[in-house]
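Notes follow once the structure below has been shown.
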Amino acid sequence: MIIIGNDFIDMSVPENLKTFSRKGIEKFFSEHENIIAKTDVINHNYARLWAMKESIYKCMLKLGYKHAFSPAKIILDVENEIKSWSASTIIDSVKYFALCKMDGNYIECVASNSKKILKDIESFMLKTNISISKQSLLKLNKRYNMKVTEIIKTTLNIPLALSESNFYYEISLSSEESLYLVSIYPTKLNVLECNYLNLKS
Amino acid sequence: MKTDNLPKVIEILSKYTYDKKAIDNANLKMRLMGDLKINSARIVDIVLDIEEEFDIEMDDDSLARLITIQDILEVIDSEKAE
């Protein structure tokens, strides 16, 4: 089963700058991650690592992980280039991959259990203070020529973009105040293979 | 589980939630992210504030338990008992 997760951090938000430069931030990261983060404080490396971990955590939830986000438990093997970072990790025998880029003040990250689809995941920002579902439907269908009929959330708050009978699209949402990062794998998947659909509330 | 620490925990959470109404009506079963609309990055602040306020240190396993307000109180209790 293909799954995706995403995360978005706006570094122009003063709280984020403060959070990721707090004394004690090291405890949420491995020794190696701390070394990477401290080599380049200006480029918000702690926030980038956090976003990759959060994206992977969203994938883990879809595969049945039932615990809260504990970033130090997700130890990243990071390849960092100036603009785009990639990372992988193995949790409970599943390998996850994450891609992270920084666009202005925005840190945008996507993750999946399939490395080959990472670059096919489409992401866009949505500015809204009303229902994410209605806005998303319109934008998604128009942008990717899809026919998403409904976006539901499971009891674990996992979004699912349903299409016509027996099909769905993998989707992930990340919000920062009234700004959303919507990420979608714009290929129809068989809903019968979606293990987390039965968690629908 | 003791609830003596609840007011201080609520005070810390109230600094980081988008949903001020929810925190006014907070109950032990409320989920930090789902119900209180706390951004995941604020977990850093909440954990560090709680550690400072209650003079405890939360390990990775404790963090993995922090889903509801009740979980925070239980972790504080268990860390203080050690």
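Note on naming: chains are A, B, ... as they come in the structure tokens, residues start from 1 per chain, ligands start from 1 in the order shown.
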Per-residue nearest contacts chain A to chain B, cut-off 12 Å, using only C-alpha atoms, as a tab-separated table:
residue	atom	partner	partner_atom	distance
A:Asp7	CA	B:Ser40	CA	9.5
A:Phe8	CA	B:Ala41	CA	10.0
A:Ile9	CA	B:Ala41	CA	8.3
A:Asp10	CA	B:Ala41	CA	10.7
A:Met11	CA	B:Ala41	CA	11.3
A:Val13	CA	B:Ala41	CA	11.6
A:Glu15	CA	B:Arg42	CA	8.4
A:Asn16	CA	B:Ala41	CA	7.3
A:Leu17	CA	B:Ala41	CA	10.5
A:Lys18	CA	B:Asp45	CA	9.2
A:Thr19	CA	B:Asp45	CA	6.3
A:Phe20	CA	B:Val44	CA	8.1
A:Ser21	CA	B:Val44	CA	10.4
A:Arg22	CA	B:Asp45	CA	8.2
A:Lys23	CA	B:Leu48	CA	8.7
A:Gly24	CA	B:Leu48	CA	7.0
A:Ile25	CA	B:Val44	CA	7.1
A:Glu26	CA	B:Val44	CA	10.2
A:Lys27	CA	B:Asp59	CA	8.6
A:Phe28	CA	B:Val44	CA	7.9
A:Phe29	CA	B:Asp60	CA	10.2
A:Ser30	CA	B:Asp60	CA	11.2
A:Tyr46	CA	B:Ala41	CA	10.8
A:Ala47	CA	B:Ala41	CA	8.5
A:Arg48	CA	B:Ala41	CA	11.3
A:Leu49	CA	B:Ala41	CA	11.5
A:Trp50	CA	B:Ala41	CA	7.9
A:Ala51	CA	B:Ala41	CA	8.7
A:Lys53	CA	B:Ser40	CA	10.9
A:Glu54	CA	B:Ser40	CA	8.0
A:Ser55	CA	B:Ser40	CA	11.0
A:Tyr57	CA	B:Ser40	CA	11.0
A:Lys58	CA	B:Ser40	CA	11.3
A:Tyr65	CA	B:Ala64	CA	10.6
A:Lys66	CA	B:Ala64	CA	9.1
A:His67	CA	B:Ala64	CA	5.3
A:Ala68	CA	B:Ala64	CA	4.4
A:Phe69	CA	B:Ala64	CA	5.7
A:Ser70	CA	B:Ala64	CA	4.9
A:Pro71	CA	B:Asp60	CA	7.9
A:Ala72	CA	B:Asp60	CA	6.2
A:Lys73	CA	B:Asp60	CA	6.5
A:Ile74	CA	B:Asp60	CA	10.1
A:Ile75	CA	B:Asp60	CA	11.8
A:Lys153	CA	B:Gly34	CA	11.2
A:Thr154	CA	B:Gly34	CA	11.4
A:Thr155	CA	B:Gly34	CA	9.7
A:Leu156	CA	B:Gly34	CA	8.4
A:Asn157	CA	B:Gly34	CA	7.0
A:Ile158	CA	B:Gly34	CA	10.5
A:Ser174	CA	B:Asn39	CA	9.4
A:Ser175	CA	B:Asn39	CA	8.0
A:Glu176	CA	B:Asn39	CA	7.3
A:Glu177	CA	B:Tyr18	CA	7.7
A:Ser178	CA	B:Tyr18	CA	10.5
Can you pull out the residues contacting B:Leu73? Cut-off 12 Å, using only C-alpha atoms, and skip same-chain residues under 5 positions away; I want them as a list in words.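 The neighbour list is Met1, Lys2, Thr3, Asp4, Asn5, Leu6, Pro7, Lys8, Val9, Ile10, Asn27, Leu28, Lys29, Ile50, Phe54, Ser62, Arg65, Leu66, Ile67, Thr68, Ser78, Glu79 and Lys80 of chain B.
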Could you tell me how far atom CA of A:Lys147 lies from atom CA of A:Asp103, in Å and to one decimal? 29.2 Å
For a test of reading the model, state the distance in Å between atom CA of A:Leu126 and atom CA of A:Lys139, rounded to one decimal.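 Separation between atom CA of A:Leu126 and atom CA of A:Lys139: 8.6 Å.
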Give me, as a list in words, the residues of stretch 96-154 of chain A that a backbone DSSP run labels alpha helix (DSSP H).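 DSSP on the backbone gives alpha helix (DSSP H) at Ile132, Ser133, Lys134, Gln135, Ser136, Leu137, Leu138, Lys139, Leu140, Asn141, Lys142, Arg143 and Tyr144 of chain A.
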Of the candidates A:Lys127, A:Lys101, A:Lys116, A:Arg143, which shows the shortest atom-to-atom distance to A:Pro186, using only C-alpha atoms?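 Nearest to A:Pro186: A:Arg143.
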Residues of chain A in strand (DSSP E or B) according to DSSP, as number ranges by chain? A: 4-10, 77-80, 84-91, 94-103, 106-112, 122-127, 150-154, 159-162, 167-176, 179-190, 200
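Atom CA of A:Ser183 lies 11.7 Å from atom CA of A:Tyr144.
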Could you give me, as a list of chain:residue names, the residues within 6 Å of A:Ser86, counting only C-alpha atoms and dropping anything in the same chain fewer than 2 positions from it? A:Val78, A:Glu79, A:Ala98, A:Leu99
